[in-house]
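A.B. asks: Enclosed is the structure file structure-v9.csv (CSV, C-alpha atoms (C1' of nucleotides)).
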```
chain,number,residue,atom,x,y,z
L,1,MET,CA,0.0,0.0,0.0
L,2,ASP,CA,2.8,2.4,-0.9
L,3,VAL,CA,1.0,4.9,-3.1
L,4,PRO,CA,2.3,8.3,-4.2
L,5,TRP,CA,0.2,11.2,-2.9
L,6,LEU,CA,-1.7,13.3,-5.3
L,7,ASP,CA,0.0,16.3,-6.9
L,8,ARG,CA,-1.5,19.7,-7.1
L,9,ILE,CA,-3.3,19.2,-10.3
L,10,GLN,CA,-4.7,15.8,-9.3
L,11,LEU,CA,-5.7,17.2,-5.9
L,12,ALA,CA,-7.5,20.1,-7.5
L,13,ALA,CA,-9.6,17.8,-9.7
L,14,TRP,CA,-10.4,15.4,-6.9
L,15,VAL,CA,-11.4,18.0,-4.3
L,16,ARG,CA,-13.9,19.5,-6.8
L,17,VAL,CA,-15.2,16.1,-7.7
L,18,ALA,CA,-15.7,15.2,-4.1
L,19,ALA,CA,-17.5,18.4,-3.4
L,20,LEU,CA,-19.7,17.7,-6.4
L,21,LEU,CA,-20.5,14.2,-5.2
L,22,GLU,CA,-21.6,15.7,-1.9
L,23,VAL,CA,-23.8,18.5,-3.3
L,24,LEU,CA,-25.3,17.5,-6.6
L,25,PRO,CA,-27.3,14.5,-5.6
L,26,GLY,CA,-28.9,16.5,-2.8
L,27,THR,CA,-29.9,19.3,-5.0
L,28,LEU,CA,-31.6,17.1,-7.6
L,29,ASP,CA,-33.1,14.9,-5.0
L,30,GLY,CA,-34.5,17.9,-3.1
L,31,GLN,CA,-36.2,19.3,-6.2
L,32,LEU,CA,-37.9,16.1,-7.1
L,33,ARG,CA,-39.0,15.5,-3.5
L,34,ARG,CA,-40.5,18.9,-3.1
L,35,ASP,CA,-42.1,19.1,-6.6
L,36,ALA,CA,-43.2,15.5,-7.3
L,37,ASP,CA,-42.8,13.6,-4.0
L,38,VAL,CA,-40.3,11.2,-5.6
L,39,THR,CA,-36.7,10.4,-4.8
L,40,LEU,CA,-34.1,10.8,-7.5
L,41,PHE,CA,-33.6,7.1,-7.4
L,42,GLU,CA,-37.3,6.5,-7.6
L,43,TYR,CA,-37.4,8.8,-10.6
L,44,PHE,CA,-34.8,6.6,-12.3
L,45,VAL,CA,-36.8,3.5,-11.6
L,46,LEU,CA,-39.9,5.1,-13.1
L,47,ALA,CA,-37.8,6.3,-16.1
L,48,MET,CA,-36.4,2.9,-16.8
L,49,LEU,CA,-39.7,1.2,-16.6
L,50,SER,CA,-41.4,3.9,-18.8
L,51,GLU,CA,-38.8,3.4,-21.5
L,52,SER,CA,-39.3,-0.3,-21.6
L,53,PRO,CA,-41.7,-1.4,-24.4
L,54,SER,CA,-43.7,-3.6,-22.0
L,55,ARG,CA,-43.5,-1.0,-19.2
L,56,SER,CA,-42.0,-3.7,-17.1
L,57,LEU,CA,-38.7,-5.1,-16.1
L,58,ARG,CA,-37.3,-7.9,-14.0
L,59,MET,CA,-36.0,-6.8,-10.7
L,60,SER,CA,-32.4,-7.8,-11.5
L,61,GLU,CA,-32.4,-6.0,-14.8
L,62,LEU,CA,-34.0,-2.9,-13.2
L,63,ALA,CA,-31.3,-3.0,-10.6
L,64,ALA,CA,-28.6,-3.1,-13.2
L,65,GLN,CA,-30.1,-0.3,-15.2
L,66,THR,CA,-30.4,1.9,-12.1
L,67,SER,CA,-26.9,1.1,-10.8
L,68,ALA,CA,-28.4,-0.3,-7.6
L,69,THR,CA,-28.1,-3.4,-5.5
L,70,LEU,CA,-30.9,-5.8,-5.4
L,71,PRO,CA,-31.7,-5.4,-1.7
L,72,ARG,CA,-31.9,-1.7,-2.1
L,73,LEU,CA,-34.2,-1.9,-5.1
L,74,SER,CA,-36.4,-4.4,-3.3
L,75,HIS,CA,-37.0,-2.0,-0.5
L,76,VAL,CA,-37.6,0.9,-2.8
L,77,VAL,CA,-40.0,-1.0,-5.0
L,78,LYS,CA,-42.0,-2.2,-2.1
L,79,ARG,CA,-42.5,1.4,-0.9
L,80,MET,CA,-43.4,2.5,-4.4
L,81,GLU,CA,-45.9,-0.4,-4.7
L,82,SER,CA,-47.6,0.8,-1.5
L,83,ARG,CA,-48.0,4.2,-3.1
L,84,GLY,CA,-49.4,2.7,-6.3
L,85,LEU,CA,-46.6,3.7,-8.6
L,86,VAL,CA,-45.6,0.2,-9.6
L,87,GLU,CA,-46.8,-3.4,-9.2
L,88,ARG,CA,-44.9,-6.6,-8.6
L,89,ARG,CA,-45.9,-9.9,-10.1
L,90,PRO,CA,-44.2,-13.2,-10.0
L,91,ASP,CA,-42.8,-14.4,-13.3
L,92,PRO,CA,-44.5,-17.6,-14.4
L,93,ASP,CA,-41.5,-18.8,-16.4
L,94,ASP,CA,-38.9,-18.5,-13.7
L,95,ARG,CA,-40.6,-18.6,-10.3
L,96,ARG,CA,-37.6,-17.0,-8.6
L,97,ALA,CA,-38.0,-13.9,-10.6
L,98,THR,CA,-40.2,-10.9,-10.0
L,99,THR,CA,-41.4,-8.5,-12.7
L,100,CYS,CA,-41.9,-4.9,-11.8
L,101,VAL,CA,-44.7,-3.2,-13.8
L,102,LEU,CA,-45.3,0.5,-14.1
L,103,THR,CA,-48.9,1.4,-13.3
L,104,ASP,CA,-50.9,4.2,-14.9
L,105,GLY,CA,-50.4,6.2,-11.8
L,106,GLY,CA,-46.7,5.7,-12.0
L,107,LEU,CA,-46.6,6.8,-15.6
L,108,ALA,CA,-48.7,9.9,-14.8
L,109,ARG,CA,-46.3,10.7,-11.9
L,110,ILE,CA,-43.2,10.6,-14.0
L,111,GLU,CA,-44.8,12.6,-16.8
L,112,GLU,CA,-45.7,15.2,-14.2
L,113,ALA,CA,-42.2,15.1,-12.6
L,114,ALA,CA,-40.2,15.2,-15.8
L,115,PRO,CA,-40.3,18.9,-16.8
L,116,GLY,CA,-39.1,20.1,-13.4
L,117,HIS,CA,-36.4,17.5,-13.3
L,118,VAL,CA,-35.2,18.3,-16.7
L,119,ALA,CA,-35.2,21.9,-15.9
L,120,ALA,CA,-33.1,21.2,-12.8
L,121,VAL,CA,-30.6,19.1,-14.8
L,122,ARG,CA,-30.3,21.9,-17.3
L,123,GLU,CA,-29.9,24.5,-14.7
L,124,HIS,CA,-27.2,22.7,-12.7
L,125,VAL,CA,-25.5,20.6,-15.2
L,126,VAL,CA,-26.2,20.8,-18.9
L,127,ASP,CA,-26.6,24.5,-19.4
L,128,VAL,CA,-23.7,25.6,-17.4
L,129,LEU,CA,-21.2,23.7,-19.6
L,130,THR,CA,-20.1,24.5,-23.1
L,131,PRO,CA,-20.9,21.9,-25.8
L,132,GLU,CA,-17.2,21.0,-25.8
L,133,GLN,CA,-17.2,20.4,-22.1
L,134,LEU,CA,-20.3,18.3,-22.4
L,135,THR,CA,-18.6,15.9,-24.8
L,136,GLN,CA,-15.5,15.9,-22.6
L,137,LEU,CA,-17.6,15.1,-19.7
L,138,THR,CA,-19.1,12.1,-21.5
L,139,GLY,CA,-15.7,10.7,-22.2
L,140,ILE,CA,-14.5,11.3,-18.7
L,141,ALA,CA,-17.6,9.7,-17.1
L,142,ASP,CA,-17.2,6.8,-19.5
L,143,ALA,CA,-13.7,6.1,-18.4
L,144,LEU,CA,-14.6,6.3,-14.8
L,145,LEU,CA,-17.6,4.0,-15.1
L,146,ARG,CA,-15.5,1.4,-16.9
L,147,SER,CA,-13.1,1.3,-14.0
L,148,LEU,CA,-16.0,1.1,-11.5
L,149,ASP,CA,-18.3,-1.3,-13.2
L,150,THR,CA,-16.2,-4.5,-13.0
L,151,SER,CA,-19.2,-6.7,-13.4
L,152,GLY,CA,-20.3,-4.9,-16.5
L,153,GLY,CA,-23.8,-4.7,-15.1
L,154,MET,CA,-24.6,-1.1,-16.0
L,155,ALA,CA,-23.0,-1.1,-19.4
L,156,ALA,CA,-26.4,-2.0,-20.7
L,157,MET,CA,-27.9,1.0,-19.1
L,158,TYR,CA,-26.0,3.8,-20.6
L,159,ARG,CA,-25.2,2.1,-23.8
L,160,ARG,CA,-28.7,2.9,-24.8
L,161,TYR,CA,-28.0,6.5,-24.4
L,162,ASP,CA,-25.4,6.6,-27.1
L,163,GLY,CA,-24.2,10.1,-27.7
L,164,ALA,CA,-21.1,11.5,-29.4
L,165,ALA,CA,-18.7,9.5,-27.4
L,166,GLY,CA,-20.6,6.2,-27.4
H,1,MET,CA,-41.9,25.2,-16.7
H,2,ASP,CA,-41.8,24.7,-20.5
H,3,VAL,CA,-38.3,23.3,-20.9
H,4,PRO,CA,-36.9,21.6,-24.0
H,5,TRP,CA,-36.0,18.0,-23.4
H,6,LEU,CA,-32.4,16.9,-23.6
H,7,ASP,CA,-30.9,16.0,-27.0
H,8,ARG,CA,-28.9,12.9,-27.6
H,9,ILE,CA,-25.6,14.4,-26.7
H,10,GLN,CA,-26.8,16.0,-23.5
H,11,LEU,CA,-28.6,12.9,-22.5
H,12,ALA,CA,-25.5,10.8,-23.0
H,13,ALA,CA,-23.6,13.0,-20.7
H,14,TRP,CA,-26.3,13.2,-18.1
H,15,VAL,CA,-27.0,9.5,-17.9
H,16,ARG,CA,-23.3,8.8,-17.3
H,17,VAL,CA,-23.1,11.5,-14.7
H,18,ALA,CA,-26.1,10.1,-12.9
H,19,ALA,CA,-24.7,6.6,-12.9
H,20,LEU,CA,-21.5,8.0,-11.5
H,21,LEU,CA,-23.3,9.9,-8.8
H,22,GLU,CA,-24.9,6.6,-7.8
H,23,VAL,CA,-21.8,4.4,-7.8
H,24,LEU,CA,-18.7,6.4,-7.0
H,25,PRO,CA,-19.6,7.6,-3.4
H,26,GLY,CA,-20.5,4.0,-2.4
H,27,THR,CA,-17.2,2.7,-3.7
H,28,LEU,CA,-15.0,5.1,-1.9
H,29,ASP,CA,-17.2,5.0,1.2
H,30,GLY,CA,-17.1,1.2,1.3
H,31,GLN,CA,-13.3,1.1,1.1
H,32,LEU,CA,-12.9,3.6,3.9
H,33,ARG,CA,-15.4,1.8,6.1
H,34,ARG,CA,-13.8,-1.6,5.7
H,35,ASP,CA,-10.2,-0.5,5.9
H,36,ALA,CA,-10.4,2.3,8.5
H,37,ASP,CA,-13.8,2.2,10.0
H,38,VAL,CA,-14.5,5.8,8.8
H,39,THR,CA,-17.1,7.2,6.5
H,40,LEU,CA,-16.0,9.2,3.5
H,41,PHE,CA,-17.6,12.2,5.0
H,42,GLU,CA,-15.9,11.6,8.3
H,43,TYR,CA,-12.6,11.3,6.4
H,44,PHE,CA,-13.2,14.8,5.0
H,45,VAL,CA,-13.9,16.1,8.4
H,46,LEU,CA,-10.6,14.7,9.7
H,47,ALA,CA,-8.8,15.9,6.6
H,48,MET,CA,-10.0,19.5,7.0
H,49,LEU,CA,-9.1,19.6,10.7
H,50,SER,CA,-5.7,18.0,10.1
H,51,GLU,CA,-4.9,20.6,7.5
H,52,SER,CA,-5.8,23.5,9.7
H,53,PRO,CA,-2.8,25.0,11.5
H,54,SER,CA,-4.5,24.8,14.9
H,55,ARG,CA,-5.9,21.4,14.2
H,56,SER,CA,-9.3,22.9,14.9
H,57,LEU,CA,-12.1,24.7,13.2
H,58,ARG,CA,-15.4,26.2,14.1
H,59,MET,CA,-18.4,24.1,13.3
H,60,SER,CA,-19.8,26.5,10.8
H,61,GLU,CA,-16.5,26.7,8.9
H,62,LEU,CA,-16.0,23.0,9.1
H,63,ALA,CA,-19.5,22.6,7.6
H,64,ALA,CA,-18.7,24.9,4.8
H,65,GLN,CA,-15.4,23.2,4.0
H,66,THR,CA,-17.0,19.8,3.9
H,67,SER,CA,-20.1,20.9,1.9
H,68,ALA,CA,-22.4,19.8,4.7
H,69,THR,CA,-25.3,21.3,6.5
H,70,LEU,CA,-24.8,22.3,10.1
H,71,PRO,CA,-27.3,19.7,11.5
H,72,ARG,CA,-25.6,16.9,9.7
H,73,LEU,CA,-22.2,18.0,10.8
H,74,SER,CA,-23.4,18.3,14.4
H,75,HIS,CA,-24.6,14.7,14.4
H,76,VAL,CA,-21.5,13.4,12.8
H,77,VAL,CA,-19.1,15.3,15.1
H,78,LYS,CA,-21.0,14.0,18.2
H,79,ARG,CA,-20.5,10.4,17.0
H,80,MET,CA,-16.9,11.1,16.2
H,81,GLU,CA,-16.4,12.6,19.6
H,82,SER,CA,-17.8,9.5,21.3
H,83,ARG,CA,-15.2,7.5,19.4
H,84,GLY,CA,-12.4,9.8,20.5
H,85,LEU,CA,-11.5,11.2,17.1
H,86,VAL,CA,-12.4,14.8,17.8
H,87,GLU,CA,-13.3,17.0,20.8
H,88,ARG,CA,-15.8,19.9,21.0
H,89,ARG,CA,-15.2,22.9,23.2
H,90,PRO,CA,-17.2,26.1,23.5
H,91,ASP,CA,-15.6,29.2,22.1
H,92,PRO,CA,-14.9,31.7,24.9
H,93,ASP,CA,-15.1,34.7,22.5
H,94,ASP,CA,-18.5,33.9,21.0
H,95,ARG,CA,-20.5,31.8,23.3
H,96,ARG,CA,-22.8,30.6,20.5
H,97,ALA,CA,-19.9,29.0,18.7
H,98,THR,CA,-18.3,25.6,19.1
H,99,THR,CA,-14.8,24.7,18.1
H,100,CYS,CA,-14.0,21.2,16.9
H,101,VAL,CA,-10.5,20.0,17.7
H,102,LEU,CA,-8.7,17.0,16.2
H,103,THR,CA,-7.4,14.6,18.9
H,104,ASP,CA,-4.2,12.7,18.6
H,105,GLY,CA,-6.3,9.6,18.0
H,106,GLY,CA,-8.1,11.3,15.2
H,107,LEU,CA,-4.8,12.4,13.6
H,108,ALA,CA,-3.5,8.8,13.9
H,109,ARG,CA,-6.7,7.5,12.3
H,110,ILE,CA,-6.5,9.7,9.2
H,111,GLU,CA,-2.8,9.0,8.8
H,112,GLU,CA,-3.6,5.3,8.9
H,113,ALA,CA,-6.5,5.7,6.5
H,114,ALA,CA,-4.9,8.0,4.0
H,115,PRO,CA,-2.8,5.6,1.9
H,116,GLY,CA,-5.7,3.3,1.2
H,117,HIS,CA,-8.0,6.2,0.4
H,118,VAL,CA,-5.5,7.7,-2.0
H,119,ALA,CA,-5.0,4.4,-3.6
H,120,ALA,CA,-8.8,4.1,-4.2
H,121,VAL,CA,-9.0,7.6,-5.5
H,122,ARG,CA,-6.2,6.8,-7.9
H,123,GLU,CA,-7.6,3.5,-8.9
H,124,HIS,CA,-11.1,4.8,-9.6
H,125,VAL,CA,-10.6,8.4,-10.6
H,126,VAL,CA,-7.2,9.9,-11.1
H,127,ASP,CA,-5.3,7.1,-12.8
H,128,VAL,CA,-8.0,6.2,-15.3
H,129,LEU,CA,-8.0,9.6,-16.8
H,130,THR,CA,-5.4,11.2,-19.1
H,131,PRO,CA,-3.7,14.4,-17.8
H,132,GLU,CA,-5.7,16.3,-20.3
H,133,GLN,CA,-9.0,14.8,-19.1
H,134,LEU,CA,-8.0,15.7,-15.5
H,135,THR,CA,-7.6,19.4,-16.3
H,136,GLN,CA,-10.9,19.2,-18.3
H,137,LEU,CA,-12.6,17.7,-15.3
H,138,THR,CA,-11.3,20.4,-13.0
H,139,GLY,CA,-12.8,23.0,-15.3
H,140,ILE,CA,-16.1,21.2,-15.6
H,141,ALA,CA,-16.4,20.6,-11.9
H,142,ASP,CA,-15.6,24.3,-11.3
H,143,ALA,CA,-18.4,25.4,-13.6
H,144,LEU,CA,-20.9,23.0,-12.0
H,145,LEU,CA,-20.0,24.0,-8.4
H,146,ARG,CA,-20.3,27.7,-9.2
H,147,SER,CA,-23.9,27.1,-10.3
H,148,LEU,CA,-24.7,25.0,-7.3
H,149,ASP,CA,-23.0,27.0,-4.6
H,150,THR,CA,-25.2,30.0,-4.6
H,151,SER,CA,-24.3,31.0,-1.1
H,152,GLY,CA,-20.6,30.9,-1.9
H,153,GLY,CA,-19.9,28.8,1.1
H,154,MET,CA,-17.7,26.1,-0.3
H,155,ALA,CA,-15.7,28.4,-2.5
H,156,ALA,CA,-13.3,28.7,0.4
H,157,MET,CA,-12.8,25.0,0.5
H,158,TYR,CA,-11.6,24.2,-2.9
H,159,ARG,CA,-10.0,27.5,-3.5
H,160,ARG,CA,-7.2,26.2,-1.3
H,161,TYR,CA,-6.6,23.4,-3.7
H,162,ASP,CA,-5.7,25.6,-6.6
H,163,GLY,CA,-4.6,23.6,-9.5
H,164,ALA,CA,-4.2,24.4,-13.2
H,165,ALA,CA,-7.7,25.8,-13.6
H,166,GLY,CA,-7.8,27.7,-10.3
U,1,DA,C1',-33.9,-39.3,-8.4
U,2,DC,C1',-30.6,-36.7,-5.6
U,3,DC,C1',-27.5,-33.3,-4.2
U,4,DC,C1',-25.0,-29.2,-4.5
U,5,DG,C1',-23.8,-24.7,-6.0
U,6,DG,C1',-25.4,-20.5,-7.6
U,7,DA,C1',-29.1,-17.1,-8.9
U,8,DA,C1',-33.2,-14.1,-7.7
U,9,DG,C1',-35.5,-11.7,-4.1
U,10,DT,C1',-37.0,-10.6,0.4
U,11,DT,C1',-36.4,-9.3,5.1
U,12,DG,C1',-34.2,-7.4,9.4
U,13,DT,C1',-31.2,-4.4,11.6
U,14,DC,C1',-28.3,-0.6,12.2
U,15,DC,C1',-26.4,3.6,10.8
U,16,DC,C1',-26.7,7.9,8.4
U,17,DT,C1',-29.1,12.0,6.5
U,18,DA,C1',-32.7,15.5,5.8
U,19,DC,C1',-36.0,18.5,7.8
U,20,DA,C1',-38.0,21.1,11.1
U,21,DA,C1',-38.3,22.8,15.7
U,22,DC,C1',-35.9,24.7,19.2
U,23,DC,C1',-32.5,27.2,22.4
U,24,DA,C1',-28.9,30.5,23.3
U,25,DT,C1',-26.3,34.2,22.0
U,26,DG,C1',-25.1,38.3,19.3
U,27,DT,C1',-26.3,42.7,16.7
U,28,DG,C1',-28.6,46.6,15.0
U,29,DT,C1',-32.2,50.2,15.7
U,30,DG,C1',-35.4,53.2,17.9
O,1,DC,C1',-32.6,49.9,27.3
O,2,DA,C1',-35.8,47.2,24.7
O,3,DC,C1',-37.1,45.2,20.9
O,4,DA,C1',-36.8,42.5,16.6
O,5,DC,C1',-34.0,39.8,13.9
O,6,DA,C1',-30.1,37.2,12.6
O,7,DT,C1',-26.4,33.8,13.7
O,8,DG,C1',-24.4,29.4,15.6
O,9,DG,C1',-25.6,25.1,17.0
O,10,DT,C1',-28.2,21.1,19.0
O,11,DT,C1',-31.9,17.8,19.2
O,12,DG,C1',-35.9,14.8,17.7
O,13,DT,C1',-37.8,12.1,14.3
O,14,DA,C1',-38.9,10.0,10.3
O,15,DG,C1',-37.2,7.9,6.2
O,16,DG,C1',-33.6,5.8,3.1
O,17,DG,C1',-29.4,2.8,2.2
O,18,DA,C1',-25.8,-0.9,3.3
O,19,DC,C1',-24.9,-5.3,4.8
O,20,DA,C1',-25.8,-9.8,6.1
O,21,DA,C1',-28.8,-13.7,6.7
O,22,DC,C1',-32.4,-16.3,4.8
O,23,DT,C1',-35.8,-18.6,1.4
O,24,DT,C1',-37.0,-20.2,-2.8
O,25,DC,C1',-35.9,-21.9,-7.1
O,26,DC,C1',-33.1,-23.3,-11.3
O,27,DG,C1',-29.4,-26.3,-13.4
O,28,DG,C1',-25.8,-29.5,-13.8
O,29,DG,C1',-23.6,-33.7,-12.4
O,30,DT,C1',-23.7,-38.5,-10.8
```
Rewrite the structure of this file - the entire thing - as structure tokens.
C.D. replies:
Amino acid sequence: MDVPWLDRIQLAAWVRVAALLEVLPGTLDGQLRRDADVTLFEYFVLAMLSESPSRSLRMSELAAQTSATLPRLSHVVKRMESRGLVERRPDPDDRRATTCVLTDGGLARIEEAAPGHVAAVREHVVDVLTPEQLTQLTGIADALLRSLDTSGGMAAMYRRYDGAAG
Amino acid sequence: MDVPWLDRIQLAAWVRVAALLEVLPGTLDGQLRRDADVTLFEYFVLAMLSESPSRSLRMSELAAQTSATLPRLSHVVKRMESRGLVERRPDPDDRRATTCVLTDGGLARIEEAAPGHVAAVREHVVDVLTPEQLTQLTGIADALLRSLDTSGGMAAMYRRYDGAAG
DNA sequence: ACCCGGAAGTTGTCCCTACAACCATGTGTG
DNA sequence: CACACATGGTTGTAGGGACAACTTCCGGGT
């Protein structure tokens, strides 16, 4: 464990990234909670389901697409089910599996939440960067995710959103 | 609230950032918890204190430097105090204020934790990017933080770490 | 047919965070 | 001096996430 310390340039980058990690999620999460009574993570769940042709996904796949662990997703989906946003039904083919289905109420909720969320993402992320920085950011995030995602689980998720640096 | 939806390039960037926000904190936090029994946030607290000349900071300033709210910091510091990592003492000048002091045990703890943490930051962030990307990232994070930090509180924090894009 | 390993989910528990309410002290203004 | 208001901080509580244990089920080998 004999690792060289970070130099000035590296430290400058890391400190800013760390601050970002601390602040950005809270900002977006707060907006969604206040305006649509949904967590940022719950929003992702709704989004992934709504973009599925069948409006449904298996729990394990949903977990992969939202970068979450299965236990966490299970808890969240249970709460969402009690609020009528999704439904869980056992898969007849594989009786271990559970399919998570987006309800009409859930669809309505995300359609209601989307404009405000997009506005927040624009305000705090997209619109404060130049187009050049945006493509740089895509490349950077790609590199970081590859090093984090050893199991390759979430490759499927963002591969669908295949921008300039896909 | 009539906001244009994100185009392909913007969406590609945002989806990757969102995934990063979900995964990176957990990775770094997990490493510190396992190897040093400290939270990522607690590590920052120790780091900010250890870099202060007096090894102490007022709560409000410590909160600003760690991008945290005061209630959160208060809870965390209380727990850390019970573990002997820091001490709290009232400020004689302003009797509302509380000064947080790093103990010898706290200093030992962060010195013990630092190598592993730096290794993780290198492995997952610094070393997977080219030097060019690293300076790009600094500029990007700077722009984002400026838009998030309306109160200007954390400017003080990362201004100290003044790299190429300072 | 049986057994064993692994995959899919669920549940329980503990810790952490956000939010709001609250207390105490300082500061400015008439 | 008295008042209102702001500042610094703590506490209570409710809710979300991490981790580990457990159940059920599939599949391959013998």
A.B. asks: Show which residues sit within 12 Å of DT29 in chain U, as a ChimeraX atom specification. Count all atoms listed in the file, and ignore same-chain residues fewer than 3 positions away.
C.D. replies: /O:1-5
A.B. asks: For chain L, which of U:DA8, U:DC15, U:DG30, U:DA24 is the closest residue, counting only C-alpha atoms (C1' of nucleotides)?
C.D. replies: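 Closest candidate: U:DA8.
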A.B. asks: If we count all atoms listed in the file and set the cut-off at 12 Å, which residues sit around DG28 in chain O, ignoring sequence neighbours fewer than 4 positions away in its own chain? Please answer as a list in words.
C.D. replies: DC2, DC3, DC4, DG5 and DG6 of chain U
A.B. asks: Provide as a list in words the residues of chain L at most 8 Å from chain O, counting only C-alpha atoms (C1' of nucleotides).
C.D. replies: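 Here is what falls inside 8 Å: Arg72, Asp94, Arg95 and Arg96 of chain L.
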A.B. asks: Next, write the just-selected residues to a file, as a PDB file, in the frame of the given file, keeping C-alpha atoms as the atom set.
C.D. replies:
```pdb
ATOM      1  CA  ARG L  72     -31.900  -1.700  -2.100  1.00  0.00           C
ATOM      2  CA  ASP L  94     -38.900 -18.500 -13.700  1.00  0.00           C
ATOM      3  CA  ARG L  95     -40.600 -18.600 -10.300  1.00  0.00           C
ATOM      4  CA  ARG L  96     -37.600 -17.000  -8.600  1.00  0.00           C
TER       5      ARG L  96
END
```
A.B. asks: Residues of chain U within 10 Å of chain H, counting all atoms listed in the file - could you list those as a PyMOL selection string?
C.D. replies: chain U and resi 16-19+24-26
A.B. asks: Could you dump the residues just selected with C-alpha atoms (C1' of nucleotides) as a tab-separated table (two decimals), in the coordinates of the input?
C.D. replies:
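Once written, part-v2.tsv looks like this:
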```tsv
chain	number	residue	atom	x	y	z
U	16	DC	C1'	-26.70	7.90	8.40
U	17	DT	C1'	-29.10	12.00	6.50
U	18	DA	C1'	-32.70	15.50	5.80
U	19	DC	C1'	-36.00	18.50	7.80
U	24	DA	C1'	-28.90	30.50	23.30
U	25	DT	C1'	-26.30	34.20	22.00
U	26	DG	C1'	-25.10	38.30	19.30
```
A.B. asks: Nearest residue to chain L out of H:Asp104, H:Asp93, H:Glu132, H:Glu51, using all atoms listed in the file?
C.D. replies: H:Glu132
A.B. asks: Select all residues from chain L having any atom no more than 7 Å from an atom of chain H (counting all atoms listed in the file, ignoring ligands), output as a PyMOL selection string.
C.D. replies: chain L and resi 1+3+5+8-13+15-17+19-23+25+67+115-116+118-119+124-126+128-129+133-134+137-138+140-145+147-148+158+161-164
A.B. asks: Would you save the residues of that selection, restricted to C-alpha atoms, as an mmCIF file, in the coordinates of the input?
C.D. replies:
```cif
data_model
loop_
_atom_site.group_PDB
_atom_site.id
_atom_site.type_symbol
_atom_site.label_atom_id
_atom_site.label_comp_id
_atom_site.auth_asym_id
_atom_site.auth_seq_id
_atom_site.Cartn_x
_atom_site.Cartn_y
_atom_site.Cartn_z
ATOM 1 C CA MET L 1 0.000 0.000 0.000
ATOM 2 C CA VAL L 3 1.000 4.900 -3.100
ATOM 3 C CA TRP L 5 0.200 11.200 -2.900
ATOM 4 C CA ARG L 8 -1.500 19.700 -7.100
ATOM 5 C CA ILE L 9 -3.300 19.200 -10.300
ATOM 6 C CA GLN L 10 -4.700 15.800 -9.300
ATOM 7 C CA LEU L 11 -5.700 17.200 -5.900
ATOM 8 C CA ALA L 12 -7.500 20.100 -7.500
ATOM 9 C CA ALA L 13 -9.600 17.800 -9.700
ATOM 10 C CA VAL L 15 -11.400 18.000 -4.300
ATOM 11 C CA ARG L 16 -13.900 19.500 -6.800
ATOM 12 C CA VAL L 17 -15.200 16.100 -7.700
ATOM 13 C CA ALA L 19 -17.500 18.400 -3.400
ATOM 14 C CA LEU L 20 -19.700 17.700 -6.400
ATOM 15 C CA LEU L 21 -20.500 14.200 -5.200
ATOM 16 C CA GLU L 22 -21.600 15.700 -1.900
ATOM 17 C CA VAL L 23 -23.800 18.500 -3.300
ATOM 18 C CA PRO L 25 -27.300 14.500 -5.600
ATOM 19 C CA SER L 67 -26.900 1.100 -10.800
ATOM 20 C CA PRO L 115 -40.300 18.900 -16.800
ATOM 21 C CA GLY L 116 -39.100 20.100 -13.400
ATOM 22 C CA VAL L 118 -35.200 18.300 -16.700
ATOM 23 C CA ALA L 119 -35.200 21.900 -15.900
ATOM 24 C CA HIS L 124 -27.200 22.700 -12.700
ATOM 25 C CA VAL L 125 -25.500 20.600 -15.200
ATOM 26 C CA VAL L 126 -26.200 20.800 -18.900
ATOM 27 C CA VAL L 128 -23.700 25.600 -17.400
ATOM 28 C CA LEU L 129 -21.200 23.700 -19.600
ATOM 29 C CA GLN L 133 -17.200 20.400 -22.100
ATOM 30 C CA LEU L 134 -20.300 18.300 -22.400
ATOM 31 C CA LEU L 137 -17.600 15.100 -19.700
ATOM 32 C CA THR L 138 -19.100 12.100 -21.500
ATOM 33 C CA ILE L 140 -14.500 11.300 -18.700
ATOM 34 C CA ALA L 141 -17.600 9.700 -17.100
ATOM 35 C CA ASP L 142 -17.200 6.800 -19.500
ATOM 36 C CA ALA L 143 -13.700 6.100 -18.400
ATOM 37 C CA LEU L 144 -14.600 6.300 -14.800
ATOM 38 C CA LEU L 145 -17.600 4.000 -15.100
ATOM 39 C CA SER L 147 -13.100 1.300 -14.000
ATOM 40 C CA LEU L 148 -16.000 1.100 -11.500
ATOM 41 C CA TYR L 158 -26.000 3.800 -20.600
ATOM 42 C CA TYR L 161 -28.000 6.500 -24.400
ATOM 43 C CA ASP L 162 -25.400 6.600 -27.100
ATOM 44 C CA GLY L 163 -24.200 10.100 -27.700
ATOM 45 C CA ALA L 164 -21.100 11.500 -29.400
#
```
A.B. asks: In Å, how far is it from CA of Arg109 in chain L to CA of Glu61 in chain L?
C.D. replies: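 If I compute the distance from CA of Arg109 in chain L to CA of Glu61 in chain L, I get 21.9 Å.
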A.B. asks: Record the distance separating CA of Glu87 in chain L and CA of Val101 in chain L, expressed in Å with one decimal.
C.D. replies: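 For CA of Glu87 in chain L relative to CA of Val101 in chain L, the distance reads 5.1 Å.
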A.B. asks: Using CA of Arg58 in chain L and C1' of DG12 in chain U as the two end points, give the distance in Å to one decimal.
C.D. replies: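 Going from CA of Arg58 in chain L over to C1' of DG12 in chain U, I get 23.6 Å.
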A.B. asks: Excluding Arg88 in chain H and residues on its chain fewer than 5 positions from it, collect all residues at most 9 Å away from it, counting all atoms listed in the file, and give them as an mmCIF file with C-alpha atoms, in the frame of the given file.
C.D. replies:
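Below is the file that was written, out07.cif:
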```cif
data_model
loop_
_atom_site.group_PDB
_atom_site.id
_atom_site.type_symbol
_atom_site.label_atom_id
_atom_site.label_comp_id
_atom_site.auth_asym_id
_atom_site.auth_seq_id
_atom_site.Cartn_x
_atom_site.Cartn_y
_atom_site.Cartn_z
ATOM 1 C CA VAL H 77 -19.100 15.300 15.100
ATOM 2 C CA LYS H 78 -21.000 14.000 18.200
ATOM 3 C CA GLU H 81 -16.400 12.600 19.600
ATOM 4 C CA THR H 98 -18.300 25.600 19.100
ATOM 5 C CA THR H 99 -14.800 24.700 18.100
ATOM 6 C CA CYS H 100 -14.000 21.200 16.900
ATOM 7 C CA VAL H 101 -10.500 20.000 17.700
#
```
